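*Asks:* Input coords-v2.cif, format and content: mmCIF, C-alpha atoms.
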```
data_input
loop_
_atom_site.label_atom_id
_atom_site.label_comp_id
_atom_site.auth_asym_id
_atom_site.auth_seq_id
_atom_site.Cartn_x
_atom_site.Cartn_y
_atom_site.Cartn_z
CA MET A 1 37.30 -18.14 -94.58
CA ARG A 2 35.21 -21.25 -94.00
CA LEU A 3 36.91 -24.49 -94.99
CA THR A 4 34.75 -26.92 -96.94
CA ARG A 5 34.52 -30.42 -95.46
CA THR A 6 33.23 -33.22 -97.66
CA VAL A 7 32.92 -36.97 -97.14
CA HIS A 8 34.17 -39.38 -99.83
CA ALA A 9 33.86 -43.13 -100.44
CA PRO A 10 35.41 -45.77 -102.71
CA SER A 11 33.46 -46.53 -105.90
CA ASN A 12 33.51 -50.26 -105.00
CA PRO A 13 30.84 -50.56 -102.26
CA MET A 14 32.52 -53.74 -100.96
CA LEU A 15 35.40 -51.57 -99.81
CA ASN A 16 33.24 -49.09 -97.93
CA VAL A 17 33.85 -50.65 -94.53
CA SER A 18 32.31 -47.67 -92.75
CA ALA A 19 28.96 -48.25 -94.47
CA ARG A 20 29.01 -52.06 -94.66
CA GLN A 21 29.72 -52.46 -90.97
CA ALA A 22 27.55 -49.50 -89.93
CA ARG A 23 30.48 -47.73 -88.32
CA PRO A 24 30.03 -44.11 -87.30
CA HIS A 25 32.96 -42.88 -89.40
CA SER A 26 33.69 -42.18 -93.05
CA PRO A 27 36.22 -43.77 -95.42
CA CYS A 28 37.81 -40.38 -95.96
CA VAL A 29 37.12 -36.70 -95.48
CA ARG A 30 38.39 -33.82 -97.54
CA ALA A 31 39.03 -30.54 -95.71
CA GLY A 32 40.27 -27.80 -98.00
CA ASP A 33 43.21 -29.19 -99.96
CA TYR A 34 43.83 -32.11 -97.61
CA VAL A 35 42.26 -35.58 -97.54
CA PHE A 36 42.21 -37.58 -94.31
CA VAL A 37 41.81 -41.33 -94.84
CA SER A 38 40.55 -43.54 -92.01
CA GLY A 39 42.65 -46.44 -90.81
CA MET A 40 42.29 -49.24 -93.36
CA VAL A 41 42.59 -52.95 -92.68
CA PRO A 42 42.78 -55.73 -95.31
CA VAL A 43 39.39 -56.26 -96.92
CA SER A 44 38.67 -58.26 -100.07
CA PRO A 45 37.41 -56.08 -102.94
CA GLU A 46 35.30 -59.06 -104.10
CA THR A 47 33.59 -60.10 -100.88
CA GLY A 48 34.03 -57.14 -98.53
CA GLU A 49 35.26 -59.58 -95.88
CA ARG A 50 38.47 -59.33 -93.92
CA THR A 51 41.35 -61.12 -95.60
CA GLN A 52 43.63 -62.88 -93.19
CA GLY A 53 46.92 -64.10 -94.55
CA PRO A 54 50.63 -63.37 -94.65
CA ILE A 55 51.68 -59.84 -93.75
CA ALA A 56 52.87 -59.11 -97.30
CA ASP A 57 49.41 -59.98 -98.66
CA GLN A 58 47.67 -57.89 -96.02
CA VAL A 59 49.82 -54.83 -96.76
CA GLU A 60 49.31 -55.31 -100.48
CA THR A 61 45.53 -55.48 -100.00
CA VAL A 62 45.41 -52.38 -97.80
CA LEU A 63 47.53 -50.26 -100.15
CA ALA A 64 45.65 -51.48 -103.24
CA ASN A 65 42.36 -50.58 -101.55
CA MET A 66 43.78 -47.22 -100.52
CA GLN A 67 44.77 -46.61 -104.13
CA HIS A 68 41.24 -47.51 -105.22
CA LEU A 69 39.71 -45.17 -102.65
CA LEU A 70 41.86 -42.25 -103.77
CA GLU A 71 41.47 -42.97 -107.47
CA SER A 72 37.68 -43.33 -107.06
CA ASN A 73 37.71 -39.65 -106.22
CA GLY A 74 40.19 -38.48 -108.85
CA TRP A 75 43.23 -38.51 -106.57
CA SER A 76 46.27 -40.80 -106.47
CA LEU A 77 48.77 -42.52 -104.18
CA ASP A 78 51.50 -40.05 -105.12
CA GLN A 79 49.48 -37.29 -103.47
CA ILE A 80 49.86 -38.95 -100.07
CA VAL A 81 52.07 -36.86 -97.82
CA ARG A 82 52.09 -38.94 -94.68
CA LEU A 83 51.05 -42.44 -93.58
CA ASN A 84 50.62 -43.93 -90.16
CA ILE A 85 51.32 -47.66 -90.25
CA THR A 86 50.36 -49.86 -87.32
CA LEU A 87 51.62 -53.44 -87.18
CA ALA A 88 50.41 -56.03 -84.70
CA ASP A 89 53.98 -57.39 -84.67
CA LEU A 90 57.04 -55.23 -85.41
CA LEU A 91 58.86 -58.31 -86.62
CA HIS A 92 56.79 -57.80 -89.79
CA ALA A 93 58.38 -54.40 -90.47
CA ASP A 94 60.78 -55.57 -93.17
CA ASP A 95 58.07 -57.43 -95.09
CA MET A 96 55.78 -54.40 -94.78
CA TRP A 97 58.41 -52.02 -96.17
CA ARG A 98 59.14 -54.42 -99.05
CA VAL A 99 55.54 -54.19 -100.23
CA PHE A 100 55.30 -50.49 -99.36
CA ARG A 101 58.24 -49.77 -101.68
CA LYS A 102 56.32 -51.14 -104.68
CA PHE A 103 53.50 -48.65 -104.14
CA PHE A 104 55.72 -45.63 -103.49
CA PRO A 105 58.76 -46.08 -105.77
CA ASP A 106 59.60 -42.38 -106.15
CA ASN A 107 59.50 -39.42 -103.75
CA PRO A 108 57.79 -41.49 -101.04
CA PRO A 109 55.65 -39.85 -98.36
CA ALA A 110 56.54 -39.30 -94.72
CA ALA A 111 55.60 -42.26 -92.54
CA THR A 112 55.32 -43.33 -88.93
CA LEU A 113 55.47 -46.98 -87.90
CA ILE A 114 54.28 -48.30 -84.57
CA GLY A 115 53.48 -51.66 -83.06
CA MET A 116 50.08 -51.97 -81.38
CA GLN A 117 47.34 -54.49 -80.77
CA LEU A 118 44.80 -54.54 -83.62
CA SER A 119 41.18 -55.70 -83.74
CA PHE A 120 39.97 -58.95 -85.30
CA GLY A 121 43.45 -60.46 -85.62
CA ASN A 122 44.46 -58.04 -88.37
CA LEU A 123 48.23 -57.76 -88.79
CA VAL A 124 48.24 -54.25 -90.26
CA GLU A 125 46.24 -51.04 -90.31
CA ILE A 126 47.24 -47.99 -92.36
CA GLU A 127 45.85 -44.46 -92.40
CA CYS A 128 47.06 -41.54 -94.45
CA THR A 129 46.78 -37.88 -95.28
CA ALA A 130 46.93 -36.69 -98.90
CA TYR A 131 47.38 -33.25 -100.36
CA VAL A 132 45.13 -32.76 -103.36
CA GLY A 133 45.52 -29.01 -103.82
CA GLU A 134 46.67 -27.18 -106.92
CA GLY A 135 50.13 -27.62 -108.34
CA MET B 1 56.22 -26.98 -109.52
CA SER B 2 54.34 -29.39 -107.35
CA ASN B 3 53.17 -28.26 -103.96
CA ARG B 4 54.15 -31.63 -102.52
CA ASN B 5 57.89 -31.74 -102.00
CA THR B 6 60.31 -33.88 -100.05
CA VAL B 7 62.12 -31.67 -97.55
CA ALA B 8 65.87 -31.53 -98.29
CA LEU B 9 67.85 -31.99 -95.07
CA SER B 10 70.98 -29.95 -94.38
CA ASN B 11 72.32 -32.67 -92.05
CA ALA B 12 72.37 -36.03 -93.84
CA ALA B 13 72.77 -37.79 -90.49
CA LEU B 14 69.16 -36.90 -89.68
CA ASP B 15 67.86 -38.66 -92.82
CA CYS B 16 67.02 -41.82 -90.91
CA PRO B 17 65.06 -43.54 -93.74
CA LYS B 18 68.07 -43.13 -96.03
CA THR B 19 70.52 -44.36 -93.39
CA PHE B 20 68.48 -47.48 -92.73
CA GLY B 21 67.20 -48.08 -96.28
CA LEU B 22 63.53 -47.42 -95.54
CA PRO B 23 61.28 -46.40 -98.43
CA HIS B 24 59.78 -43.27 -96.90
CA ALA B 25 60.75 -39.62 -96.51
CA THR B 26 61.83 -37.87 -93.32
CA ALA B 27 59.58 -34.90 -94.03
CA VAL B 28 57.24 -33.79 -96.80
CA ARG B 29 55.83 -30.36 -97.48
CA ALA B 30 52.26 -30.16 -98.88
CA GLY B 31 50.86 -26.70 -99.44
CA ASN B 32 51.39 -24.74 -96.24
CA LEU B 33 51.85 -27.79 -94.05
CA ILE B 34 54.95 -29.84 -93.26
CA TYR B 35 54.49 -33.49 -92.28
CA VAL B 36 57.38 -34.99 -90.33
CA SER B 37 57.68 -38.78 -90.09
CA GLY B 38 57.84 -40.51 -86.75
CA LEU B 39 61.33 -39.69 -85.46
CA ILE B 40 63.33 -41.91 -83.15
CA ALA B 41 66.44 -40.74 -81.30
CA ILE B 42 69.26 -40.42 -83.84
CA ASP B 43 72.73 -39.11 -83.07
CA PRO B 44 72.96 -35.96 -85.24
CA VAL B 45 76.69 -36.54 -85.78
CA THR B 46 76.87 -40.26 -86.59
CA GLY B 47 73.31 -40.92 -87.79
CA GLU B 48 73.17 -43.99 -85.55
CA ARG B 49 70.32 -44.77 -83.17
CA ALA B 50 70.89 -43.14 -79.79
CA HIS B 51 69.30 -45.55 -77.33
CA GLY B 52 68.89 -43.95 -73.92
CA THR B 53 66.33 -43.02 -71.35
CA THR B 54 62.88 -41.63 -72.12
CA VAL B 55 64.28 -38.22 -71.14
CA SER B 56 67.39 -38.40 -73.34
CA GLU B 57 65.51 -39.83 -76.31
CA THR B 58 62.80 -37.15 -76.07
CA THR B 59 65.44 -34.39 -75.96
CA THR B 60 67.36 -35.85 -78.91
CA ILE B 61 64.23 -36.29 -81.01
CA LEU B 62 62.89 -32.77 -80.43
CA SER B 63 66.34 -31.22 -81.07
CA ASN B 64 66.49 -33.09 -84.37
CA MET B 65 62.87 -32.20 -85.17
CA ALA B 66 63.75 -28.51 -84.72
CA LYS B 67 66.53 -28.84 -87.32
CA ILE B 68 64.32 -30.74 -89.75
CA LEU B 69 61.60 -28.09 -89.46
CA GLU B 70 64.18 -25.33 -89.99
CA ASP B 71 65.24 -27.09 -93.20
CA ALA B 72 61.57 -26.95 -94.24
CA GLY B 73 61.37 -23.21 -93.49
CA SER B 74 59.42 -23.75 -90.29
CA SER B 75 60.15 -24.21 -86.59
CA LEU B 76 58.96 -25.96 -83.44
CA GLY B 77 56.90 -22.84 -82.69
CA GLN B 78 54.91 -23.54 -85.86
CA VAL B 79 53.93 -27.11 -84.92
CA VAL B 80 50.16 -27.56 -84.77
CA LYS B 81 49.88 -31.25 -83.91
CA ILE B 82 52.36 -33.61 -82.37
CA THR B 83 52.03 -37.30 -81.52
CA VAL B 84 54.29 -38.99 -79.00
CA TRP B 85 54.55 -42.76 -78.70
CA LEU B 86 56.11 -44.13 -75.54
CA HIS B 87 57.23 -47.70 -74.90
CA SER B 88 55.69 -47.32 -71.46
CA MET B 89 53.01 -44.90 -70.35
CA LEU B 90 54.53 -45.13 -66.87
CA GLU B 91 57.23 -42.81 -68.22
CA GLN B 92 54.85 -40.13 -69.47
CA GLU B 93 55.97 -37.68 -66.78
CA ASP B 94 59.62 -38.18 -67.77
CA MET B 95 58.75 -37.41 -71.38
CA ALA B 96 56.66 -34.39 -70.36
CA GLY B 97 59.51 -32.90 -68.34
CA ALA B 98 61.95 -33.16 -71.24
CA TYR B 99 59.31 -31.98 -73.72
CA LYS B 100 58.24 -28.79 -71.96
CA PRO B 101 61.35 -26.62 -72.60
CA PHE B 102 60.96 -27.09 -76.36
CA PHE B 103 57.50 -25.50 -76.34
CA PRO B 104 57.73 -22.64 -73.82
CA GLU B 105 54.60 -20.85 -75.02
CA ALA B 106 51.41 -21.67 -76.94
CA PRO B 107 52.33 -25.38 -77.21
CA PRO B 108 50.78 -27.45 -80.01
CA ALA B 109 47.96 -29.97 -79.74
CA ARG B 110 49.42 -33.27 -78.55
CA THR B 111 48.52 -36.94 -78.34
CA VAL B 112 50.51 -39.33 -76.18
CA CYS B 113 50.10 -43.03 -76.72
CA GLY B 114 51.71 -46.20 -75.43
CA ALA B 115 52.94 -48.51 -78.20
CA ARG B 116 55.71 -50.79 -79.25
CA ILE B 117 58.44 -48.92 -81.09
CA ASN B 118 60.81 -50.51 -83.56
CA TYR B 119 64.48 -51.23 -82.76
CA GLY B 120 63.79 -51.16 -79.04
CA MET B 121 63.55 -47.37 -78.90
CA LYS B 122 61.64 -45.84 -75.99
CA VAL B 123 60.18 -42.79 -77.75
CA GLN B 124 58.90 -41.90 -81.21
CA ILE B 125 57.48 -38.49 -82.15
CA ASP B 126 55.94 -37.15 -85.36
CA CYS B 127 54.39 -33.76 -86.10
CA ILE B 128 52.54 -31.49 -88.48
CA ALA B 129 53.70 -27.88 -88.72
CA VAL B 130 52.70 -24.82 -90.71
CA SER B 131 55.19 -23.00 -92.91
CA GLY B 132 57.06 -19.97 -91.70
CA ALA B 133 59.45 -19.43 -88.82
#
```
What would you get if you wrote out this structure as structure tokens?
*Replies:*
Amino acid sequence: MRLTRTVHAPSNPMLNVSARQARPHSPCVRAGDYVFVSGMVPVSPETGERTQGPIADQVETVLANMQHLLESNGWSLDQIVRLNITLADLLHADDMWRVFRKFFPDNPPAATLIGMQLSFGNLVEIECTAYVGEG
Amino acid sequence: MSNRNTVALSNAALDCPKTFGLPHATAVRAGNLIYVSGLIAIDPVTGERAHGTTVSETTTILSNMAKILEDAGSSLGQVVKITVWLHSMLEQEDMAGAYKPFFPEAPPARTVCGARINYGMKVQIDCIAVSGA
């Protein structure tokens, strides 16, 4: 059986970082029943520019944009099965989880948190995998 | 019934997010795949963090991962992708020595990466496995 592989983008072009910054990757790729979302950093849905600011705001922006990306394609946050969260500073973990909890109130996904240097002074980057199969 | 389910753990001590009040699951099944969160070394009796060496933490994590996968109807032999974060890449050989006995044949794809790990742990490991023992 050959698995279909399709590329998907957010309906708001300001949030298509891959295209706006001419990066050689896609916002997300569907392979069979699974969707693989690229690492997302905080970007303003109005201007398409990076939004610096407190960690809580940055996490809120990333997860809201992730929700938009999924919903643009008929999927939803509650289909996410696993996230990989990278923080520039692990001291921000508690604030990150506080915002995270608002987006995943019930049956939350699996998650991995690490601390690592990020580009452009971003405080957070989040990638995820969603299951959008039947059932 | 949804095909995306939180894996119910037989040993509550291994439910690290619950122990520490974190809003994520330890493991989630989606279709035929099981996604396990990044695990740190947890004492399977007390549920407390088991700080140790890179070797001891790797052994503890993979022992616990085996149990979590069994609860999901899978096993270490069914892991397809595993990611290991180390507090220091200088200790990669230590991790590799402790890791090897858990995957005696046809080991999964693996990424090893140096990163900072929360709570001062030395090792964190997550994985994706297919269903079935």
*Asks:* Got a sec to pull out which chain A residues are within 9 Å of chain B, counting only C-alpha atoms, and send them as a PDB file with C-alpha atoms, keeping the file's coordinate frame?
*Replies:*
```
ATOM      1  CA  ASP A  33      43.210 -29.190 -99.960  1.00  0.00           C
ATOM      2  CA  TYR A  34      43.830 -32.110 -97.610  1.00  0.00           C
ATOM      3  CA  GLN A  79      49.480 -37.290-103.470  1.00  0.00           C
ATOM      4  CA  ILE A  80      49.860 -38.950-100.070  1.00  0.00           C
ATOM      5  CA  VAL A  81      52.070 -36.860 -97.820  1.00  0.00           C
ATOM      6  CA  ARG A  82      52.090 -38.940 -94.680  1.00  0.00           C
ATOM      7  CA  LEU A  83      51.050 -42.440 -93.580  1.00  0.00           C
ATOM      8  CA  ASN A  84      50.620 -43.930 -90.160  1.00  0.00           C
ATOM      9  CA  ASP A  89      53.980 -57.390 -84.670  1.00  0.00           C
ATOM     10  CA  LEU A  90      57.040 -55.230 -85.410  1.00  0.00           C
ATOM     11  CA  LEU A  91      58.860 -58.310 -86.620  1.00  0.00           C
ATOM     12  CA  ALA A  93      58.380 -54.400 -90.470  1.00  0.00           C
ATOM     13  CA  ASP A  94      60.780 -55.570 -93.170  1.00  0.00           C
ATOM     14  CA  TRP A  97      58.410 -52.020 -96.170  1.00  0.00           C
ATOM     15  CA  ARG A  98      59.140 -54.420 -99.050  1.00  0.00           C
ATOM     16  CA  PHE A 100      55.300 -50.490 -99.360  1.00  0.00           C
ATOM     17  CA  ARG A 101      58.240 -49.770-101.680  1.00  0.00           C
ATOM     18  CA  PHE A 104      55.720 -45.630-103.490  1.00  0.00           C
ATOM     19  CA  PRO A 105      58.760 -46.080-105.770  1.00  0.00           C
ATOM     20  CA  ASP A 106      59.600 -42.380-106.150  1.00  0.00           C
ATOM     21  CA  ASN A 107      59.500 -39.420-103.750  1.00  0.00           C
ATOM     22  CA  PRO A 108      57.790 -41.490-101.040  1.00  0.00           C
ATOM     23  CA  PRO A 109      55.650 -39.850 -98.360  1.00  0.00           C
ATOM     24  CA  ALA A 110      56.540 -39.300 -94.720  1.00  0.00           C
ATOM     25  CA  ALA A 111      55.600 -42.260 -92.540  1.00  0.00           C
ATOM     26  CA  THR A 112      55.320 -43.330 -88.930  1.00  0.00           C
ATOM     27  CA  LEU A 113      55.470 -46.980 -87.900  1.00  0.00           C
ATOM     28  CA  ILE A 114      54.280 -48.300 -84.570  1.00  0.00           C
ATOM     29  CA  GLY A 115      53.480 -51.660 -83.060  1.00  0.00           C
ATOM     30  CA  MET A 116      50.080 -51.970 -81.380  1.00  0.00           C
ATOM     31  CA  GLN A 117      47.340 -54.490 -80.770  1.00  0.00           C
ATOM     32  CA  ALA A 130      46.930 -36.690 -98.900  1.00  0.00           C
ATOM     33  CA  TYR A 131      47.380 -33.250-100.360  1.00  0.00           C
ATOM     34  CA  VAL A 132      45.130 -32.760-103.360  1.00  0.00           C
ATOM     35  CA  GLY A 133      45.520 -29.010-103.820  1.00  0.00           C
ATOM     36  CA  GLU A 134      46.670 -27.180-106.920  1.00  0.00           C
ATOM     37  CA  GLY A 135      50.130 -27.620-108.340  1.00  0.00           C
TER      38      GLY A 135
END
```
*Asks:* In Å to one decimal, how far is atom CA of A:Arg30 from atom CA of A:Pro13?
*Replies:*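 Going from atom CA of A:Pro13 over to atom CA of A:Arg30, I get 19.0 Å.
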*Asks:* Once the PyMOL selection byres ((chain A and resi 17) around 9) has been evaluated on this model, what residues remain selected, and can you format them as a list in words?
*Replies:*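 Applied to this file, the PyMOL selection byres ((chain A and resi 17) around 9) selects Pro13, Met14, Leu15, Asn16, Ser18, Ala19, Arg20, Gln21, Ala22, Arg23, Ser26, Pro27, Met40, Val43 and Gly48 of chain A.
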*Asks:* With a distance cut-off of 9 Å and only C-alpha atoms, select the neighbouring residues of A:Asp95, excluding the residue or stretch itself and same-chain residues fewer than 6 positions from it, and output the selection as a VMD selection string.
*Replies:* chain A and resid 55 to 56 59
*Asks:* Could you check which of B:Gly97, B:Gly132, B:Gly77, B:Pro107 is closest to B:Thr54, using all atoms listed in the file?
*Replies:*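 The answer is B:Gly97, which sits nearest to B:Thr54.
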*Asks:* Determine the residue membership of the PyMOL selection byres ((chain B and resi 63-66) around 9) for the file above and supply it as number ranges by chain.
*Replies:* B: 14, 36, 39, 41-44, 58-62, 67-71, 74-76, 102, 125-127
*Asks:* Quick one: residues within 8 Å of B:Thr111, all atoms listed in the file, excluding same-chain residues fewer than 5 positions away - as a list in words?
*Replies:*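 Answer for this query is Ile82, Thr83 and Val84 of chain B.
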*Asks:* So how many Å separate atom CA of A:Leu63 and atom CA of A:Val37, to one decimal?
*Replies:* 11.9 Å
*Asks:* Report as a list in words the full result of the PyMOL selection byres ((chain B and resi 130) around 6) when it is applied to this structure.
*Replies:*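 Evaluating the PyMOL selection byres ((chain B and resi 130) around 6) on this file yields Asn32, Leu33, Gln78, Ala129 and Ser131 of chain B.
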*Asks:* For stretch 52-54 of chain A, please output as an MDAnalysis selection string all residues within 9 Å (counting all atoms listed in the file; exclusion window: fewer than 3 positions along the same chain).
*Replies:* chainID A and resid 42:43 57:59 121:123
*Asks:* Point out the residue among A:Val124, A:Ala88, A:Leu3, A:Cys28 with the least atom-to-atom distance to A:Glu60, counting all atoms listed in the file.
*Replies:* A:Val124
*Asks:* Can you measure atom CA of A:Ser38 to atom CA of A:Cys128 for me? One decimal in Å is fine.
*Replies:*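 Going from atom CA of A:Ser38 over to atom CA of A:Cys128 covers 7.2 Å.
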*Asks:* Counting only C-alpha atoms, find residues at most 8 Å from (38.0, -35.2, -98.6) (file frame) and give them as a list in words.
*Replies:*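 It turns out the residues near that spot are Arg5, Thr6, Val7, His8, Cys28, Val29, Arg30, Ala31, Gly32, Tyr34, Val35 and Phe36 of chain A.
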*Asks:* With 3 Å of padding per side, what axis-aligned box (centre and edge lengths, Å, one decimal) covers all the listed atoms of stretch 104-119 of chain A? Give it as lines of an AutoDock Vina configuration file.
*Replies:*
```
center_x = 50.4
center_y = -47.5
center_z = -93.5
size_x = 24.4
size_y = 22.4
size_z = 31.4
```
*Asks:* Export stretch 57-72 of chain A of the preceding structure, keeping N, CA, C and O atoms, as a CSV table (one decimal), in the first residue's frame.
*Replies:*
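Result saved to part04.csv:
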```csv
chain,number,residue,atom,x,y,z
A,57,ASP,N,2.6,35.0,26.7
A,57,ASP,CA,2.1,35.5,25.5
A,57,ASP,C,2.6,34.7,24.3
A,57,ASP,O,1.9,34.4,23.3
A,58,GLN,N,3.9,34.4,24.3
A,58,GLN,CA,4.5,33.6,23.2
A,58,GLN,C,3.8,32.2,23.1
A,58,GLN,O,3.5,31.8,22.0
A,59,VAL,N,3.6,31.6,24.2
A,59,VAL,CA,3.0,30.2,24.2
A,59,VAL,C,1.6,30.4,23.6
A,59,VAL,O,1.1,29.6,22.8
A,60,GLU,N,0.9,31.4,24.1
A,60,GLU,CA,-0.5,31.6,23.7
A,60,GLU,C,-0.6,31.8,22.2
A,60,GLU,O,-1.4,31.3,21.5
A,61,THR,N,0.4,32.6,21.7
A,61,THR,CA,0.4,32.9,20.2
A,61,THR,C,0.7,31.6,19.4
A,61,THR,O,0.0,31.3,18.4
A,62,VAL,N,1.6,30.8,19.9
A,62,VAL,CA,2.0,29.6,19.1
A,62,VAL,C,0.8,28.7,19.1
A,62,VAL,O,0.5,28.1,18.1
A,63,LEU,N,0.2,28.4,20.3
A,63,LEU,CA,-0.9,27.5,20.3
A,63,LEU,C,-2.1,27.9,19.6
A,63,LEU,O,-2.8,27.2,18.9
A,64,ALA,N,-2.4,29.3,19.6
A,64,ALA,CA,-3.5,29.8,18.8
A,64,ALA,C,-3.2,29.6,17.4
A,64,ALA,O,-4.1,29.3,16.6
A,65,ASN,N,-2.0,29.9,16.9
A,65,ASN,CA,-1.7,29.7,15.5
A,65,ASN,C,-1.7,28.2,15.1
A,65,ASN,O,-2.1,27.9,14.0
A,66,MET,N,-1.3,27.4,16.0
A,66,MET,CA,-1.4,25.9,15.8
A,66,MET,C,-2.9,25.5,15.6
A,66,MET,O,-3.2,24.7,14.7
A,67,GLN,N,-3.7,26.1,16.4
A,67,GLN,CA,-5.1,25.8,16.3
A,67,GLN,C,-5.7,26.3,15.0
A,67,GLN,O,-6.4,25.5,14.3
A,68,HIS,N,-5.2,27.4,14.6
A,68,HIS,CA,-5.7,28.0,13.3
A,68,HIS,C,-5.2,27.1,12.1
A,68,HIS,O,-6.0,26.8,11.2
A,69,LEU,N,-3.9,26.7,12.2
A,69,LEU,CA,-3.4,25.8,11.1
A,69,LEU,C,-4.2,24.5,11.0
A,69,LEU,O,-4.6,24.1,9.9
A,70,LEU,N,-4.5,23.9,12.2
A,70,LEU,CA,-5.2,22.6,12.1
A,70,LEU,C,-6.7,22.9,11.6
A,70,LEU,O,-7.2,22.1,10.8
A,71,GLU,N,-7.3,23.9,12.2
A,71,GLU,CA,-8.7,24.2,11.9
A,71,GLU,C,-8.9,24.6,10.4
A,71,GLU,O,-9.9,24.4,9.8
A,72,SER,N,-7.8,25.3,9.9
A,72,SER,CA,-7.8,25.6,8.4
A,72,SER,C,-8.0,24.4,7.5
A,72,SER,O,-8.5,24.5,6.4
```
